[in-house]
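For reference, model06.cif is printed below; it contains mmCIF, C-alpha atoms and all ligand atoms.
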```cif
data_my_file
#
loop_
_atom_site.label_atom_id
_atom_site.label_comp_id
_atom_site.auth_asym_id
_atom_site.auth_seq_id
_atom_site.Cartn_x
_atom_site.Cartn_y
_atom_site.Cartn_z
CA MET A 1 140.75 110.13 127.92
CA LEU A 2 143.46 107.47 128.24
CA SER A 3 142.30 103.96 129.07
CA PRO A 4 143.31 102.65 132.53
CA SER A 5 145.65 100.14 130.86
CA ALA A 6 147.72 103.09 129.62
CA SER A 7 148.21 104.48 133.13
CA GLN A 8 151.61 102.87 133.69
CA GLY A 9 155.15 103.88 132.72
CA VAL A 10 155.45 106.94 130.56
CA TRP A 11 151.77 107.76 131.14
CA SER A 12 152.12 107.97 134.93
CA GLU A 13 152.79 111.71 134.67
CA PHE A 14 149.48 112.07 132.88
CA TYR A 15 147.79 110.71 136.01
CA ASN A 16 149.86 112.84 138.41
CA PRO A 17 147.29 114.01 141.02
CA GLU A 18 148.59 117.58 141.11
CA LEU A 19 148.43 117.93 137.32
CA ARG A 20 144.95 116.44 137.30
CA ALA A 21 143.83 118.95 139.93
CA ILE A 22 145.19 121.81 137.80
CA GLY A 23 143.43 120.30 134.78
CA ALA A 24 140.15 120.11 136.69
CA ARG A 25 140.41 123.82 137.53
CA VAL A 26 141.32 124.85 134.00
CA ALA A 27 138.89 122.62 132.06
CA PRO A 28 135.66 124.59 132.73
CA ARG A 29 137.28 127.83 131.55
CA LEU A 30 138.63 126.20 128.41
CA GLU A 31 135.31 124.51 127.68
CA THR A 32 133.37 127.71 128.18
CA PHE A 33 135.75 129.50 125.83
CA LEU A 34 135.73 126.72 123.23
CA PHE A 35 131.97 126.35 123.08
CA SER A 36 131.00 130.01 123.48
CA ALA A 37 130.61 130.54 119.71
CA VAL A 38 128.43 127.44 119.42
CA GLY A 39 126.32 128.63 122.35
CA GLU A 40 125.81 132.04 120.74
CA GLU A 41 124.86 130.45 117.44
CA ALA A 42 122.43 128.18 119.29
CA VAL A 43 120.75 131.20 120.92
CA ARG A 44 120.35 132.84 117.48
CA ALA A 45 118.91 129.59 116.08
CA THR A 46 116.28 129.18 118.80
CA PRO A 47 112.89 130.58 117.79
CA ALA A 48 110.21 131.83 120.15
CA ASP A 49 107.82 128.89 119.76
CA LEU A 50 109.43 126.83 122.50
CA PRO A 51 107.82 123.36 122.59
CA ASN A 52 107.84 123.19 118.82
CA SER A 53 111.41 124.44 118.58
CA VAL A 54 112.67 121.53 120.70
CA SER A 55 110.66 119.09 118.67
CA ASP A 56 111.73 120.74 115.40
CA PHE A 57 115.43 120.69 116.21
CA VAL A 58 115.44 117.10 117.32
CA GLY A 59 113.14 115.92 114.51
CA ALA A 60 115.17 117.77 111.86
CA HIS A 61 118.38 116.37 113.28
CA PHE A 62 117.01 112.85 113.17
CA ARG A 63 116.00 113.20 109.51
CA ALA A 64 119.33 114.81 108.54
CA SER A 65 121.28 112.24 110.50
CA SER A 66 119.42 109.32 108.92
CA ARG A 67 120.09 110.75 105.45
CA PHE A 68 123.74 111.41 106.21
CA TRP A 69 124.50 107.94 107.58
CA THR A 70 122.53 106.19 104.84
CA ARG A 71 124.46 108.08 102.15
CA LEU A 72 127.74 107.38 103.88
CA ILE A 73 127.03 103.65 104.04
CA ASP A 74 126.23 103.75 100.30
CA THR A 75 129.47 105.63 99.61
CA LEU A 76 131.52 103.15 101.62
CA THR A 77 129.84 100.25 99.84
CA ALA A 78 130.67 101.76 96.44
CA ALA A 79 134.28 102.32 97.52
CA ASP A 80 134.61 98.72 98.76
CA TYR A 81 135.47 100.09 102.20
CA LEU A 82 132.32 99.15 104.11
CA ALA A 83 133.79 96.83 106.79
CA ASP A 84 136.78 99.11 107.47
CA GLY A 85 134.57 102.17 107.42
CA MET A 86 132.05 100.68 109.83
CA ARG A 87 134.92 99.82 112.16
CA LEU A 88 135.92 103.49 112.39
CA LEU A 89 132.28 104.56 112.75
CA LEU A 90 131.63 102.07 115.56
CA ILE A 91 134.71 103.34 117.42
CA GLN A 92 133.23 106.85 117.42
CA ARG A 93 129.83 105.57 118.55
CA VAL A 94 130.43 102.71 121.00
CA PRO A 95 133.68 103.14 123.03
CA LEU A 96 133.36 106.94 122.88
CA GLY A 97 129.56 106.83 123.19
CA ARG A 98 129.96 105.09 126.54
CA SER A 99 131.76 108.19 127.78
CA ARG A 100 128.89 110.41 126.56
CA ASN A 101 126.34 108.14 128.22
CA LEU A 102 128.31 108.04 131.47
CA ALA A 103 128.35 111.83 131.65
CA MET A 104 124.58 111.98 131.07
CA SER A 105 123.89 109.09 133.46
CA ARG A 106 125.62 110.86 136.34
CA VAL A 107 123.16 113.73 136.01
CA ALA A 108 120.23 111.41 135.30
CA ALA A 109 120.78 109.80 138.70
CA LEU A 110 119.37 112.98 140.25
CA HIS A 111 117.23 114.09 137.30
CA PRO A 112 115.70 110.97 135.73
CA PHE A 113 114.10 112.95 132.91
CA ILE A 114 117.54 113.18 131.20
CA PRO A 115 116.95 110.89 128.19
CA VAL A 116 120.15 108.81 128.18
CA PRO A 117 120.23 106.62 125.02
CA ALA A 118 120.01 102.94 125.90
CA PRO A 119 123.06 100.75 125.14
CA SER A 120 122.55 98.81 121.95
CA VAL A 121 122.97 95.05 121.84
CA ALA A 122 123.14 95.23 118.05
CA GLU A 123 126.04 97.70 118.08
CA GLU A 124 127.98 95.44 120.40
CA ALA A 125 127.30 92.45 118.13
CA TRP A 126 128.58 94.40 115.11
CA CYS A 127 131.67 95.46 117.08
CA ALA A 128 132.37 91.82 118.00
CA ALA A 129 131.95 90.73 114.37
CA LEU A 130 134.32 93.46 113.12
CA GLY A 131 136.93 92.99 115.87
CA VAL A 132 136.25 96.25 117.71
CA ARG A 133 136.56 96.17 121.52
CA VAL A 134 133.65 97.95 123.16
CA GLY A 135 135.28 99.13 126.42
CA MET A 136 135.20 102.88 126.99
CA HIS A 137 138.16 104.57 125.28
CA SER A 138 139.49 101.25 123.86
CA TYR A 139 140.58 103.19 120.78
CA TRP A 140 141.13 106.75 121.97
CA GLN A 141 143.78 107.05 119.21
CA PHE A 142 141.05 106.92 116.58
CA TYR A 143 138.66 109.51 117.94
CA LEU A 144 138.11 112.17 115.31
CA PRO A 145 138.49 115.73 116.61
CA ALA A 146 134.99 116.96 115.82
CA VAL A 147 133.40 113.82 117.30
CA LEU A 148 135.49 114.37 120.40
CA ALA A 149 134.31 118.00 120.50
CA ALA A 150 130.64 116.94 120.47
CA THR A 151 131.41 114.51 123.31
CA THR A 152 133.27 117.14 125.32
CA HIS A 153 130.29 119.46 124.92
CA ILE A 154 128.06 116.85 126.59
CA HIS A 155 130.62 116.43 129.38
CA MET A 156 130.68 120.21 129.86
CA LEU A 157 126.89 120.42 130.11
CA ALA A 158 126.84 117.49 132.55
CA ARG A 159 129.55 119.00 134.76
CA GLN A 160 128.86 122.70 134.91
CA PRO A 161 126.24 124.16 137.22
CA GLY A 162 123.28 125.77 135.53
CA THR A 163 123.33 123.80 132.30
CA LEU A 164 120.92 121.00 133.25
CA LEU A 165 118.26 122.04 130.76
CA ARG A 166 120.75 122.42 127.91
CA LEU A 167 121.91 118.91 128.71
CA VAL A 168 118.34 117.67 128.23
CA GLY A 169 118.36 119.18 124.73
CA ALA A 170 121.77 117.74 123.90
CA ALA A 171 120.70 114.31 125.18
CA LEU A 172 117.63 114.40 122.92
CA VAL A 173 119.87 115.15 119.93
CA GLU A 174 122.21 112.34 120.97
CA GLY A 175 119.24 109.96 121.05
CA ALA A 176 118.14 111.10 117.58
CA GLU A 177 121.70 110.72 116.34
CA GLN A 178 121.88 107.18 117.65
CA ALA A 179 118.55 106.29 116.04
CA GLY A 180 119.65 107.61 112.63
CA PHE A 181 123.02 105.94 112.91
CA MET A 182 121.51 102.60 113.88
CA MET A 183 119.17 102.51 110.90
CA ALA A 184 122.00 103.07 108.44
CA MET A 185 124.36 100.71 110.21
CA ALA A 186 121.73 97.98 110.22
CA GLU A 187 121.72 98.21 106.43
CA GLY A 188 125.53 98.16 106.36
CA ALA A 189 125.53 95.11 108.65
CA ARG A 190 123.03 93.39 106.36
CA ARG A 191 125.27 94.03 103.34
CA LEU A 192 128.26 92.56 105.19
CA GLY A 193 126.30 89.58 106.49
CA LEU A 194 126.86 90.61 110.11
CA PRO A 195 124.49 89.46 112.87
CA GLU A 196 120.96 90.70 112.39
CA ARG A 197 119.89 93.33 114.84
CA ALA A 198 116.89 92.96 117.05
CA PRO A 199 113.39 94.45 117.11
CA SER A 200 111.75 97.05 115.03
CA ALA A 201 113.72 100.10 116.17
CA ASP A 202 115.74 99.83 112.96
CA THR A 203 112.70 100.62 110.89
CA ALA A 204 112.14 104.26 110.02
CA ASP A 205 108.69 104.33 111.62
CA GLY A 206 109.87 102.73 114.86
CA ALA A 207 112.85 105.08 115.14
CA THR A 208 110.73 108.15 114.37
CA ARG A 209 108.20 107.18 117.03
CA SER A 210 110.94 106.51 119.56
CA VAL A 211 112.65 109.89 118.95
CA SER A 212 109.34 111.73 119.00
CA SER A 213 108.15 110.13 122.24
CA ALA A 214 111.50 110.92 123.96
CA VAL A 215 111.03 114.59 123.00
CA ASP A 216 107.41 114.66 124.21
CA ALA A 217 108.30 113.05 127.53
CA ALA A 218 111.23 115.43 128.15
CA VAL A 219 109.19 118.51 127.19
CA ASP A 220 106.37 117.44 129.54
CA GLU A 221 108.74 116.80 132.42
CA VAL A 222 110.68 120.05 131.97
CA THR A 223 107.51 122.12 131.56
CA GLY A 224 105.92 120.54 134.64
CA THR A 225 109.01 120.95 136.82
CA PHE A 226 110.56 124.22 135.65
CA GLY A 227 107.81 126.02 133.73
CA ARG A 228 107.27 126.58 130.04
CA THR A 229 109.88 129.31 129.60
CA SER A 230 112.59 126.86 130.67
CA LEU A 231 112.14 125.10 127.33
CA ALA A 232 114.25 127.86 125.77
CA GLU A 233 117.29 126.38 127.46
CA VAL A 234 116.39 122.88 126.26
CA ALA A 235 116.09 124.19 122.71
CA ARG A 236 119.45 125.95 122.96
CA GLY A 237 121.11 122.78 124.17
CA ALA A 238 119.54 120.87 121.28
CA ALA A 239 120.62 123.53 118.79
CA ALA A 240 124.22 123.55 120.04
CA ALA A 241 124.40 119.75 119.95
CA THR A 242 122.99 119.77 116.41
CA LEU A 243 125.67 122.21 115.22
CA LEU A 244 128.45 120.15 116.79
CA THR A 245 127.09 116.87 115.50
CA ALA A 246 126.87 118.25 111.97
CA GLN A 247 130.54 119.19 112.26
CA ALA A 248 131.29 115.67 113.51
CA HIS A 249 129.49 114.26 110.45
CA ARG A 250 131.74 116.31 108.15
CA ASP A 251 134.84 115.13 109.98
CA VAL A 252 133.85 111.46 109.81
CA ARG A 253 132.94 111.71 106.15
CA ALA A 254 136.20 113.43 105.23
CA GLN A 255 138.25 110.84 107.08
CA LEU A 256 136.49 107.94 105.39
CA LEU A 257 136.61 109.46 101.91
CA TRP A 258 140.35 109.88 102.36
CA LEU A 259 140.96 106.40 103.75
CA SER A 260 138.78 104.67 101.18
CA ASP A 261 140.56 106.31 98.26
CA MET A 262 144.20 106.06 99.38
CA PRO A 263 145.66 105.22 95.92
CA ARG A 264 144.31 108.56 94.66
CA TYR A 265 146.10 110.39 97.47
CA VAL A 266 149.32 108.53 96.78
CA ALA A 267 149.05 109.56 93.11
CA ALA A 268 148.21 113.13 94.15
CA ALA A 269 151.29 113.21 96.36
CA ARG A 270 153.47 112.25 93.39
CA ALA A 271 151.95 114.98 91.23
CA ILE A 272 152.40 117.57 93.97
CA ASN A 273 155.95 116.42 94.65
CA ARG A 274 156.83 116.86 90.95
CA ARG A 275 155.50 120.40 91.12
CA ILE A 276 157.60 121.08 94.23
CA ASP A 277 160.72 119.81 92.43
CA GLN A 278 160.01 121.97 89.39
CA ASP A 279 158.61 125.17 90.92
CA CYS A 280 159.29 125.32 94.65
CA PRO A 281 162.28 123.26 95.77
CA ASP A 282 162.56 125.48 98.88
CA ILE A 283 158.94 125.03 99.92
CA ASP A 284 158.29 125.06 103.69
CA ARG A 285 158.86 121.58 105.08
CA GLU A 286 159.54 119.67 108.27
CA THR A 287 162.10 116.86 108.27
CA PHE A 288 162.13 114.03 110.81
CA VAL A 289 164.83 111.44 111.57
CA GLU A 290 163.37 108.69 113.76
CA PRO A 291 164.68 105.38 115.16
CA ARG A 292 163.12 101.92 114.81
CA GLU A 293 159.70 101.57 116.43
CA MET A 294 159.38 105.31 116.98
CA CYS A 295 155.62 105.85 116.93
CA SER A 296 153.86 109.08 116.04
CA THR A 297 150.52 108.40 117.66
CA THR A 298 147.50 109.67 115.81
CA HIS A 299 147.22 113.42 115.30
CA VAL A 300 146.02 116.00 112.79
CA HIS A 301 147.70 118.99 111.10
CA ASP A 302 146.12 122.34 110.40
CA ASP A 303 147.70 122.40 106.94
CA HIS A 304 147.97 120.04 103.96
CA ARG A 305 151.18 117.99 103.93
CA LEU A 306 152.99 115.29 102.07
CA VAL A 307 154.84 112.48 103.83
CA VAL A 308 157.88 111.65 101.64
CA ILE A 309 160.30 108.90 102.68
CA GLU A 310 163.99 109.61 102.02
CA GLU A 311 165.50 106.69 103.95
CA GLY A 312 164.09 103.59 105.69
CA GLN A 313 160.54 102.32 106.03
CA MET A 314 157.46 103.20 108.03
CA VAL A 315 153.93 101.94 108.39
CA PHE A 316 151.31 104.67 108.12
CA TRP A 317 147.67 104.43 109.25
CA GLY A 318 144.45 106.36 109.75
CA ASN A 319 142.12 103.59 110.86
CA LEU A 320 142.13 100.55 113.10
CA GLY A 321 143.91 97.74 111.24
CA MET A 322 145.22 99.96 108.42
CA SER A 323 148.87 99.39 107.40
CA LEU A 324 150.10 101.49 104.48
CA ARG A 325 153.77 100.53 104.15
CA LEU A 326 155.99 103.35 102.88
CA ASP A 327 159.49 102.65 101.55
CA VAL A 328 162.25 104.89 100.15
CA GLY A 329 160.70 107.26 97.60
CA ASP A 330 157.11 106.49 98.65
CA MET A 331 154.78 109.31 99.57
CA VAL A 332 151.20 110.11 100.51
CA LEU A 333 149.11 113.28 100.76
CA VAL A 334 147.68 114.03 104.21
CA PRO A 335 145.00 116.72 103.85
CA GLN A 336 144.38 119.24 106.61
CA GLY A 337 142.52 117.76 109.54
CA ARG A 338 142.93 114.07 108.60
CA LEU A 339 143.79 111.82 111.51
CA HIS A 340 146.91 109.71 111.00
CA GLY A 341 149.88 108.09 112.74
CA SER A 342 153.00 106.12 111.82
CA THR A 343 155.62 103.71 113.16
CA VAL A 344 159.21 103.34 111.92
CA GLU A 345 160.05 99.79 110.80
CA SER A 346 163.75 100.20 109.88
CA PRO A 347 166.84 101.08 112.00
CA VAL A 348 166.26 104.70 111.04
CA CYS A 349 163.70 106.53 108.93
CA THR A 350 164.22 109.97 107.46
CA TYR A 351 161.15 111.61 106.00
CA HIS A 352 160.02 115.04 104.87
CA GLN A 353 156.70 116.81 105.23
CA PRO A 354 156.39 119.61 102.68
CA ILE A 355 153.52 121.96 103.57
CA ILE A 356 151.25 122.36 100.57
CA PRO A 357 149.51 125.65 99.69
CA PRO A 358 145.73 125.09 99.71
CA ASP A 359 145.30 126.23 96.08
CA TRP A 360 147.55 123.40 94.92
CA LEU A 361 144.80 120.98 95.79
CA ASP A 362 142.51 122.28 93.07
CA MET A 363 143.45 119.25 91.02
CA LEU A 364 141.92 116.99 93.66
CA PRO A 365 138.35 116.11 94.61
CA GLY A 366 136.50 118.58 96.85
CA HIS A 367 136.45 116.18 99.75
CA VAL A 368 140.16 116.65 100.48
CA ILE A 369 139.33 120.06 101.90
CA SER A 370 139.19 120.17 105.68
CA PRO A 371 135.82 120.48 107.40
CA TYR A 372 137.36 123.25 109.47
CA ALA A 373 137.91 125.50 106.49
CA SER A 374 135.91 128.71 106.89
CA SER A 375 135.27 129.57 103.24
CA PRO A 376 131.56 129.31 102.38
CA SER A 377 132.42 127.82 99.01
CA LEU A 378 134.22 124.99 100.73
CA ALA A 379 131.27 124.47 103.02
CA VAL A 380 129.10 123.92 99.93
CA ALA A 381 131.54 121.32 98.68
CA TRP A 382 130.89 119.34 101.81
CA ASP A 383 127.12 119.02 101.49
FE FE B 1 151.66 113.97 110.85
#
```
Output the structure of this file as structure tokens.
Amino acid sequence: MLSPSASQGVWSEFYNPELRAIGARVAPRLETFLFSAVGEEAVRATPADLPNSVSDFVGAHFRASSRFWTRLIDTLTAADYLADGMRLLLIQRVPLGRSRNLAMSRVAALHPFIPVPAPSVAEEAWCAALGVRVGMHSYWQFYLPAVLAATTHIHMLARQPGTLLRLVGAALVEGAEQAGFMMAMAEGARRLGLPERAPSADTADGATRSVSSAVDAAVDEVTGTFGRTSLAEVARGAAAATLLTAQAHRDVRAQLLWLSDMPRYVAAARAINRRIDQDCPDIDRETFVEPREMCSTTHVHDDHRLVVIEEGQMVFWGNLGMSLRLDVGDMVLVPQGRLHGSTVESPVCTYHQPIIPPDWLDMLPGHVISPYASSPSLAVAWD
């Protein structure tokens, strides 16, 4: 996933041919393992009425996606984080979307009925206006894990033998996702005074017709070439892609709610830190001592943590262009699953990361909870 410009120096080992060959052998097994639960859920979710089930999945995804992105744009507007938020959203959709489209296009070369979403001139114009480079993997550091998972699923379907029809279903969902995203982003662009986007595809009617005709064309082609029963595989691919995309929505939303409300998380960190001092001075923690310019590239944790600076300064970020400067005594709460990185700006920086028990976050809004949490009650908090 590294861009070619990163292939020099310390990254050369990443491109070592022998390691890449080992990776190529291991990847299909890992992907099959990782996505097996999603595949099983997709089989359970696929009803017997095949042509309608494809249409239903894709149509329902388009409506849900449109609602989700529209609400998110409204939330970002209310939080005064629209331009920054759209920057992160465009990174997930354009530089990473090119990778999804490339995977689908390779298969579409032999099977033209794969509905690869067309590149969008409007998206590129918005990227240019917001300072986002559109080259594939330009910002791999800012890919959110669940968005990356949905992309890897498409790569898996495009690479593995026997999954052609599931790829058709996933491609239809990807097209519906793009249509819903574009409608909401067009409204966000209008609010920011960004370049207008072209033709009528940004209207609800135009997008609905476009999604619906892509489904009809794919169903006709698959039925004519492989027979009606083959639509079950298309529906399963669509169902799996829908489940993964819904997870990606939750990840994106959580990241943006966190980023757009950073003062609240700084205040929460102070409250939690006081409780640690009073009740749990020996709480589990990791301590780091890092030299100037040491960079922790973006990553996530599977627990809730504070970052507390004891000595020196660092700049902390979770989005392109973000610079939260932390000095001695400063702190911030990093909820489970939130993407972040940091760079030391002093000769040395010593900082602590106390690991926070989940029930300590009761004092905070529901959206700090990770989208990966398995509790049903938490899942409700995300809707
Ligand atoms: Fe971290």
Taking all atoms listed in the file into account, name the residue in A:Ala103, A:Ala149, A:Leu320, A:Ala232 that is nearest to Val38 (chain A).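 Residue with the minimum atom-to-atom distance to Val38 (chain A): A:Ala149.
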Point-to-point distance in Å for CA of Gly175 (chain A) and CA of Ala64 (chain A):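 So the two atoms, CA of Ala64 (chain A) and CA of Gly175 (chain A), lie 13.4 Å apart.
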For ligand FE 1 (chain B), return the neighbouring residues as a ChimeraX atom specification (distance at most 12 Å; only C-alpha atoms and all ligand atoms). /A:285-288,295-308,316-318,332-343,351-355
Extract, using only C-alpha atoms, all DNA, RNA and protein residues at most 12 Å from Leu192 (chain A), discarding same-chain residues fewer than 6 positions from it, and format them as a PyMOL selection string. chain A and resi 73+76-77+80-86+126+129-130+185-186
Atomic separation - CA of Ala254 (chain A) relative to CA of Asp284 (chain A), Å: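 A separation of 25.0 Å between them.
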Which is closer to Leu157 (chain A) than all the others in A:Gly169, A:Pro145, A:Pro357, A:Pro291, using all atoms listed in the file?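 Under the stated criterion, the closest residue is A:Gly169.
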Expressed in Å, the length from CA of Ser120 (chain A) to CA of Arg250 (chain A) is 24.1 Å
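With all atoms listed in the file as the atoms that count, the minimum distance from Glu290 (chain A) to the choices A:Cys349, A:Ala79, A:Val315, A:Ala37 is reached by A:Cys349.
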Determine, counting all atoms listed in the file, every residue of protein, DNA or RNA that lies within 7 Å of (134.1, 109.3, 111.4) in the file coordinates, then give the result as a PyMOL selection string. chain A and resi 88-89+92+144+249+251-253+255-256
Can you write out the residues you just picked, keeping C-alpha atoms, as an mmCIF file, keeping the file's coordinate frame?
```cif
data_model
loop_
_atom_site.group_PDB
_atom_site.id
_atom_site.type_symbol
_atom_site.label_atom_id
_atom_site.label_comp_id
_atom_site.auth_asym_id
_atom_site.auth_seq_id
_atom_site.Cartn_x
_atom_site.Cartn_y
_atom_site.Cartn_z
ATOM 1 C CA LEU A 88 135.920 103.490 112.390
ATOM 2 C CA LEU A 89 132.280 104.560 112.750
ATOM 3 C CA GLN A 92 133.230 106.850 117.420
ATOM 4 C CA LEU A 144 138.110 112.170 115.310
ATOM 5 C CA HIS A 249 129.490 114.260 110.450
ATOM 6 C CA ASP A 251 134.840 115.130 109.980
ATOM 7 C CA VAL A 252 133.850 111.460 109.810
ATOM 8 C CA ARG A 253 132.940 111.710 106.150
ATOM 9 C CA GLN A 255 138.250 110.840 107.080
ATOM 10 C CA LEU A 256 136.490 107.940 105.390
#
```
Just checking: using all atoms listed in the file, which residue out of A:Ser213, A:Phe181, A:Leu148, A:Ile272 ends up closest to Gln247 (chain A)?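 Of the candidates, the smallest distance to Gln247 (chain A) is held by A:Leu148.
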